[in-house]
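K.L.:
Once you've had a glance at the structure underneath, I'll fire off some questions.
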Amino acid sequence: MSDRIQEIMEQVSAHSDVRRSLAWIHADVERTIEEQIELTEIAAPSFQEALRGERFKEKLEALFLEDVCIDPVGNVTGIRRGVGDGPTLLICAHLDTVFPAGTDVSVKRREGRLFAPGIADDGRGLATVLGLARALQESGIKTRGDILFGATVGEEGLGDLRGVKALFGGHTQAEPAQAGLTSADYVPRIDGFISIEPGSPSRTTYLATGSRRYRITFHGQGGHSFGDFGTPSAIHALGRAIANIADLRPPRDPKTTFNVGEISGGTSVNTIAQRASMLLDLRSNSLAELSALEEQALCAVRAACDEENRGVDRPKLRVEIEKIGDRPAGEQSPDAPIVRASLAAARVLGLEPVLDQAQSTDANVPIQLGIPSVTLGGGGDCGGMHTLEEFFDPRGSHVGVQHAFLTMLALVGVRDAWEPLLENRSASQSRSLNCGADETLV
């Protein structure tokens with residue numbers, strides 16, 4: 001399978017129209033970077049992506065894509081239709097950033113680098129998606145399958161992948177916007193998925209790190225630190241819970257982790273706290289291990305509440321456990337055609353392909369659903385992610401667009417050139433149903 005896909009990729013890269021497109025992408029690099037800067041300078045904290053989404057929509061419309069729309073949760077999509085009964089591939093980046101409203105997102109240039117919060121994550125991804133759509137429009141290449149170009153909301157932090165979850169909440173043909181429709185009513189059935197994130201195009205992520213996140217709050221009566229001594233303290237219970245969690249020993253393989261990332265509570269130095277809370281992050285590359293860690297951590301929290309309440313005759317504490325995030329873990333074969341196609345594309349571009357470790361990206365959702373999916377790097381160099389000193393070095397960044405372009409064309413196929421590597425699941429299921437009907441008749 002690997003050899004066959006490599007042969008197909010070499011055929012793809014040698015095609016005259018594709019060669020011209022790769023050269024065009026290289027020449028288009030400055031425009032792509034300009035769009036990266038423009039979009040980065042439109043603030044888009046999670047849950048506040050509307051302005052950036054509107055601008056992205058305008059850019060998709062300018063590329064003459066069909067059915068360009070913003071769905072009920074804020075995802076932006078537009079489709080370039082193929083000529084045959086091919087698969088549908090969705091390529092997207094995420095609109096949101098981790099930075100709160102009011103953060104200065106203006107881009108500064110220093111020594112050839114671009115500095116701004118979100119300039120790489122995922123300003124680079126958004127610009128790459130537009131670069132791909134523009135290159136395909138300029139090429140005139142007729143693909144067999146349909147390609148959806150898009151941008152999702154809520155990929156970061158407490159956004160909890162809400163955009164991509166909405167897209168994959170169901171699969172119906174696109175319909176006009178009307179009351180009662182969900183995001184899934186705005187897109188056709190998706191047969192494959194590519195998420196574009198910052199990073200090297202030599203690296204392919206095909207495994208999904210799952211996470212579950214909780215806000216845990218202890219509530220009590222509180223009181224004066226001296227006069228009411230002996231009353232259970234919400235802060236003391238919180239400390240017990242954190243200590244209990246710190247004593248957990250999750251497996252190293254599959255990698256499984258925990259972290260208390262934020263704590264709050266209390267009123268003053270001489271007050272028994274009425275309230276104290278923490279944010280808890282649990283992660284694993286294995287769904288089973290994630291569930292096991294979740295059970296252990298929540299047991300540790302409840303045990304802490306019981307320990308703080310033990311032996312007291314005063315009003316007792318209670319603990320409130322609120323799930324605020326649930327990102328699915330998932331895996332697929334490294335020999336899946338979508339994975340091998342991305343590795344083969346790296347090779348024909350002279351890169352040394354690498355199967356990357358599991359990550360948490362928009363691809364988590366389709367991977368968990370069994371839909372072929374990868375996360376690819378948009379090219380260039382970057383650093384300081386999720387900090388105010390985030391930077392992007394654009395040198396060589398065109399290779400990221402070229403890599404995704406080759407992968408995309410191999411997956412959806414080109415008329416009179418090569419068949420799609422990606423399976424059209426709708427057609428396959430239809431054939432299966434027809435076979436089943438025939439057998440019943442026999």
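By order in the structure tokens, chains are A, B, ...; within a chain, residues start at 1; ligands start at 1, following the order shown.
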Within 7 Å of Asp191 (chain A), counting only C-alpha atoms, which residues show up once you throw out same-chain ones fewer than 3 positions away? Write them as a short mmCIF file (atom, residue, chain, number, x, y, z; two decimals) with all heavy atoms, in the first residue's frame, please.
P.N.:
```cif
data_model
loop_
_atom_site.label_atom_id
_atom_site.label_comp_id
_atom_site.auth_asym_id
_atom_site.auth_seq_id
_atom_site.Cartn_x
_atom_site.Cartn_y
_atom_site.Cartn_z
N PRO A 87 -15.04 11.57 -3.43
CA PRO A 87 -15.25 11.83 -2.00
C PRO A 87 -15.30 13.33 -1.71
O PRO A 87 -14.94 14.16 -2.56
CB PRO A 87 -14.01 11.20 -1.36
CG PRO A 87 -12.95 11.37 -2.41
CD PRO A 87 -13.66 11.18 -3.73
N THR A 88 -15.74 13.66 -0.52
CA THR A 88 -15.73 15.05 -0.06
C THR A 88 -14.68 15.20 1.02
O THR A 88 -14.70 14.49 2.04
CB THR A 88 -17.11 15.45 0.50
OG1 THR A 88 -18.07 15.38 -0.55
CG2 THR A 88 -17.07 16.87 1.06
N LEU A 89 -13.75 16.12 0.80
CA LEU A 89 -12.66 16.39 1.73
C LEU A 89 -12.85 17.77 2.34
O LEU A 89 -13.07 18.74 1.62
CB LEU A 89 -11.32 16.33 0.99
CG LEU A 89 -10.06 16.68 1.78
CD1 LEU A 89 -9.78 15.63 2.86
CD2 LEU A 89 -8.85 16.83 0.85
N ILE A 371 -13.48 8.67 10.72
CA ILE A 371 -13.31 9.37 9.44
C ILE A 371 -11.83 9.65 9.23
O ILE A 371 -11.18 10.23 10.11
CB ILE A 371 -14.12 10.68 9.44
CG1 ILE A 371 -15.61 10.37 9.57
CG2 ILE A 371 -13.86 11.49 8.16
CD1 ILE A 371 -16.48 11.58 9.82
N GLU A 423 -11.77 7.22 0.11
CA GLU A 423 -12.98 6.48 -0.23
C GLU A 423 -14.20 7.38 -0.14
O GLU A 423 -14.35 8.15 0.81
CB GLU A 423 -13.15 5.29 0.70
CG GLU A 423 -14.37 4.44 0.42
CD GLU A 423 -14.55 3.30 1.41
OE1 GLU A 423 -13.88 3.32 2.46
OE2 GLU A 423 -15.37 2.41 1.15
N ASN A 424 -15.07 7.27 -1.11
CA ASN A 424 -16.37 7.94 -1.05
C ASN A 424 -17.29 7.05 -0.23
O ASN A 424 -17.85 6.08 -0.72
CB ASN A 424 -16.93 8.14 -2.47
CG ASN A 424 -18.25 8.89 -2.47
OD1 ASN A 424 -18.96 8.95 -1.46
ND2 ASN A 424 -18.59 9.45 -3.61
N ARG A 425 -17.42 7.37 1.05
CA ARG A 425 -18.15 6.48 1.96
C ARG A 425 -19.63 6.42 1.62
O ARG A 425 -20.27 5.38 1.81
CB ARG A 425 -17.95 6.95 3.40
CG ARG A 425 -16.48 6.89 3.84
CD ARG A 425 -16.31 7.27 5.30
NE ARG A 425 -16.87 8.58 5.55
CZ ARG A 425 -17.72 8.86 6.54
NH1 ARG A 425 -18.12 7.91 7.35
NH2 ARG A 425 -18.17 10.08 6.72
#
```
K.L.:
Applying 12 Å and only C-alpha atoms, which residues near Ser291 (chain A) remain after dropping the ones on its own chain fewer than 4 positions away? List them as a PyMOL selection string.
P.N.:
chain A and resi 210-213+250+256-257+282-287+295-298+326-329
K.L.:
For the residues selected in the previous step, produce a file with all heavy atoms as a compact mmCIF listing (two decimals), in the first residue's frame.
P.N.:
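To be explicit, this is the file written out as out.txt:
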```txt
# COMPACT_ATOMS: atom_id res chain seq x y z
N GLY A 210 -7.05 12.73 23.83
CA GLY A 210 -8.32 13.13 24.42
C GLY A 210 -8.11 13.88 25.71
O GLY A 210 -7.08 13.75 26.37
N SER A 211 -9.09 14.69 26.08
CA SER A 211 -9.01 15.39 27.36
C SER A 211 -10.40 15.55 27.96
O SER A 211 -11.40 15.62 27.24
CB SER A 211 -8.35 16.77 27.19
OG SER A 211 -9.18 17.63 26.46
N ARG A 212 -10.42 15.59 29.28
CA ARG A 212 -11.63 15.94 30.01
C ARG A 212 -11.25 16.99 31.03
O ARG A 212 -10.23 16.87 31.71
CB ARG A 212 -12.24 14.70 30.67
CG ARG A 212 -12.83 13.78 29.60
CD ARG A 212 -13.43 12.53 30.08
NE ARG A 212 -13.77 11.69 28.92
CZ ARG A 212 -13.94 10.39 28.97
NH1 ARG A 212 -13.81 9.75 30.13
NH2 ARG A 212 -14.23 9.71 27.89
N ARG A 213 -12.07 18.02 31.11
CA ARG A 213 -11.75 19.15 31.96
C ARG A 213 -12.90 19.42 32.92
O ARG A 213 -14.07 19.32 32.52
CB ARG A 213 -11.45 20.39 31.10
CG ARG A 213 -10.13 20.23 30.33
CD ARG A 213 -9.97 21.26 29.26
NE ARG A 213 -8.64 21.14 28.66
CZ ARG A 213 -8.28 21.71 27.53
NH1 ARG A 213 -9.14 22.47 26.87
NH2 ARG A 213 -7.06 21.57 27.04
N PRO A 250 -0.63 7.80 36.75
CA PRO A 250 -1.13 7.30 35.46
C PRO A 250 -0.02 6.63 34.66
O PRO A 250 1.16 6.85 34.93
CB PRO A 250 -1.62 8.58 34.77
CG PRO A 250 -0.78 9.67 35.36
CD PRO A 250 -0.53 9.26 36.78
N THR A 256 -0.52 9.55 29.62
CA THR A 256 -1.72 9.96 30.32
C THR A 256 -1.30 10.96 31.40
O THR A 256 -0.37 10.68 32.16
CB THR A 256 -2.43 8.74 30.95
OG1 THR A 256 -2.71 7.78 29.93
CG2 THR A 256 -3.73 9.14 31.64
N THR A 257 -1.95 12.11 31.45
CA THR A 257 -1.48 13.19 32.33
C THR A 257 -2.63 13.87 33.05
O THR A 257 -3.79 13.77 32.65
CB THR A 257 -0.72 14.26 31.52
OG1 THR A 257 -1.63 14.91 30.63
CG2 THR A 257 0.43 13.64 30.73
N LEU A 282 -7.37 16.63 32.42
CA LEU A 282 -6.97 15.22 32.33
C LEU A 282 -6.79 14.88 30.86
O LEU A 282 -7.68 15.19 30.04
CB LEU A 282 -8.04 14.32 32.95
CG LEU A 282 -8.52 14.69 34.35
CD1 LEU A 282 -9.73 13.85 34.73
CD2 LEU A 282 -7.41 14.53 35.37
N ARG A 283 -5.69 14.21 30.51
CA ARG A 283 -5.42 13.89 29.10
C ARG A 283 -4.87 12.48 28.95
O ARG A 283 -4.17 11.99 29.82
CB ARG A 283 -4.42 14.87 28.49
CG ARG A 283 -4.88 16.30 28.46
CD ARG A 283 -3.95 17.16 27.63
NE ARG A 283 -4.36 18.55 27.65
CZ ARG A 283 -4.31 19.37 26.62
NH1 ARG A 283 -3.85 18.93 25.47
NH2 ARG A 283 -4.70 20.62 26.73
N SER A 284 -5.18 11.90 27.80
CA SER A 284 -4.58 10.61 27.47
C SER A 284 -4.72 10.35 25.98
O SER A 284 -5.66 10.85 25.33
CB SER A 284 -5.24 9.47 28.24
OG SER A 284 -4.63 8.23 27.91
N ASN A 285 -3.80 9.55 25.44
CA ASN A 285 -3.91 9.09 24.06
C ASN A 285 -4.82 7.88 23.95
O ASN A 285 -5.08 7.41 22.84
CB ASN A 285 -2.52 8.75 23.51
CG ASN A 285 -1.64 9.97 23.39
OD1 ASN A 285 -2.12 11.10 23.35
ND2 ASN A 285 -0.33 9.76 23.35
N SER A 286 -5.28 7.37 25.10
CA SER A 286 -6.16 6.20 25.14
C SER A 286 -7.47 6.58 25.80
O SER A 286 -7.49 7.13 26.91
CB SER A 286 -5.49 5.07 25.93
OG SER A 286 -6.45 4.11 26.36
N LEU A 287 -8.57 6.28 25.14
CA LEU A 287 -9.88 6.57 25.72
C LEU A 287 -10.09 5.79 27.01
O LEU A 287 -10.62 6.31 28.00
CB LEU A 287 -10.98 6.22 24.71
CG LEU A 287 -12.42 6.44 25.17
CD1 LEU A 287 -12.64 7.91 25.54
CD2 LEU A 287 -13.39 6.01 24.09
N GLU A 295 -12.04 8.69 36.56
CA GLU A 295 -12.68 8.07 37.73
C GLU A 295 -11.81 8.23 38.97
O GLU A 295 -12.31 8.57 40.06
CB GLU A 295 -12.95 6.59 37.45
CG GLU A 295 -13.64 5.87 38.60
CD GLU A 295 -13.92 4.41 38.29
OE1 GLU A 295 -13.61 3.97 37.16
OE2 GLU A 295 -14.45 3.71 39.18
N GLN A 296 -10.49 8.01 38.84
CA GLN A 296 -9.59 8.13 39.98
C GLN A 296 -9.54 9.57 40.50
O GLN A 296 -9.56 9.82 41.71
CB GLN A 296 -8.19 7.68 39.58
CG GLN A 296 -8.08 6.21 39.25
CD GLN A 296 -6.76 5.88 38.56
OE1 GLN A 296 -5.80 6.65 38.61
NE2 GLN A 296 -6.70 4.73 37.91
N ALA A 297 -9.48 10.53 39.58
CA ALA A 297 -9.38 11.93 39.98
C ALA A 297 -10.65 12.40 40.69
O ALA A 297 -10.58 13.09 41.72
CB ALA A 297 -9.10 12.81 38.76
N LEU A 298 -11.80 12.01 40.19
CA LEU A 298 -13.04 12.44 40.82
C LEU A 298 -13.24 11.75 42.17
O LEU A 298 -13.78 12.36 43.10
CB LEU A 298 -14.22 12.18 39.88
CG LEU A 298 -14.18 12.96 38.56
CD1 LEU A 298 -15.45 12.74 37.76
CD2 LEU A 298 -13.96 14.45 38.80
N ASP A 326 -14.67 18.14 26.99
CA ASP A 326 -14.60 16.71 26.68
C ASP A 326 -14.15 16.56 25.23
O ASP A 326 -14.94 16.70 24.30
CB ASP A 326 -15.97 16.06 26.88
CG ASP A 326 -15.91 14.54 26.80
OD1 ASP A 326 -14.85 14.01 26.42
OD2 ASP A 326 -16.92 13.89 27.11
N ARG A 327 -12.85 16.31 25.06
CA ARG A 327 -12.28 16.12 23.73
C ARG A 327 -11.99 14.64 23.53
O ARG A 327 -11.25 14.06 24.33
CB ARG A 327 -11.00 16.93 23.58
CG ARG A 327 -11.21 18.43 23.70
CD ARG A 327 -9.89 19.19 23.65
NE ARG A 327 -10.12 20.62 23.69
CZ ARG A 327 -9.60 21.50 22.83
NH1 ARG A 327 -8.81 21.07 21.86
NH2 ARG A 327 -9.86 22.78 22.93
N PRO A 328 -12.53 14.03 22.51
CA PRO A 328 -12.37 12.59 22.35
C PRO A 328 -10.95 12.19 21.97
O PRO A 328 -10.26 12.89 21.22
CB PRO A 328 -13.34 12.24 21.23
CG PRO A 328 -13.45 13.51 20.44
CD PRO A 328 -13.35 14.62 21.43
N ALA A 329 -10.52 11.06 22.51
CA ALA A 329 -9.28 10.43 22.05
C ALA A 329 -9.62 9.54 20.87
O ALA A 329 -10.76 9.11 20.70
CB ALA A 329 -8.66 9.62 23.18
```
K.L.:
So, counting only C-alpha atoms, which residue among A:Gly78, A:Glu322, A:Val401, A:Phe115 is closest to Ala23 (chain A)?
P.N.:
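Checking each candidate against Ala23 (chain A), we get A:Val401 as the closest.
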K.L.:
Nearest to Leu279 (chain A): which of A:Ala14, A:Val412, A:Leu158, A:Leu293 is it, counting only C-alpha atoms?
P.N.:
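Among the listed residues, A:Leu158 lies closest to Leu279 (chain A).
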K.L.:
What's around Gln402 (chain A) at 10 Å? Count only C-alpha atoms, leave out sequence neighbours fewer than 2 positions away in its own chain, and write the answer as a list in words.
P.N.:
Val18, Ser21, Leu22, Ala23, Trp24, Ile25, His26, Thr128, Gly131, Leu132, Ala135, Pro201, Ala345, Ala346, Leu349, Gly378, Gly379, Ser397, His398, Val399, Gly400, Ala404, Phe405, Leu406, Thr407 and Met408 of chain A
K.L.:
My list of candidates is A:Gln36, A:Ser360, A:Ser2, A:Gln137. Which is closest to Arg80 (chain A) when distances are computed with only C-alpha atoms?
P.N.:
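Under the stated criterion, the closest residue is A:Gln137.
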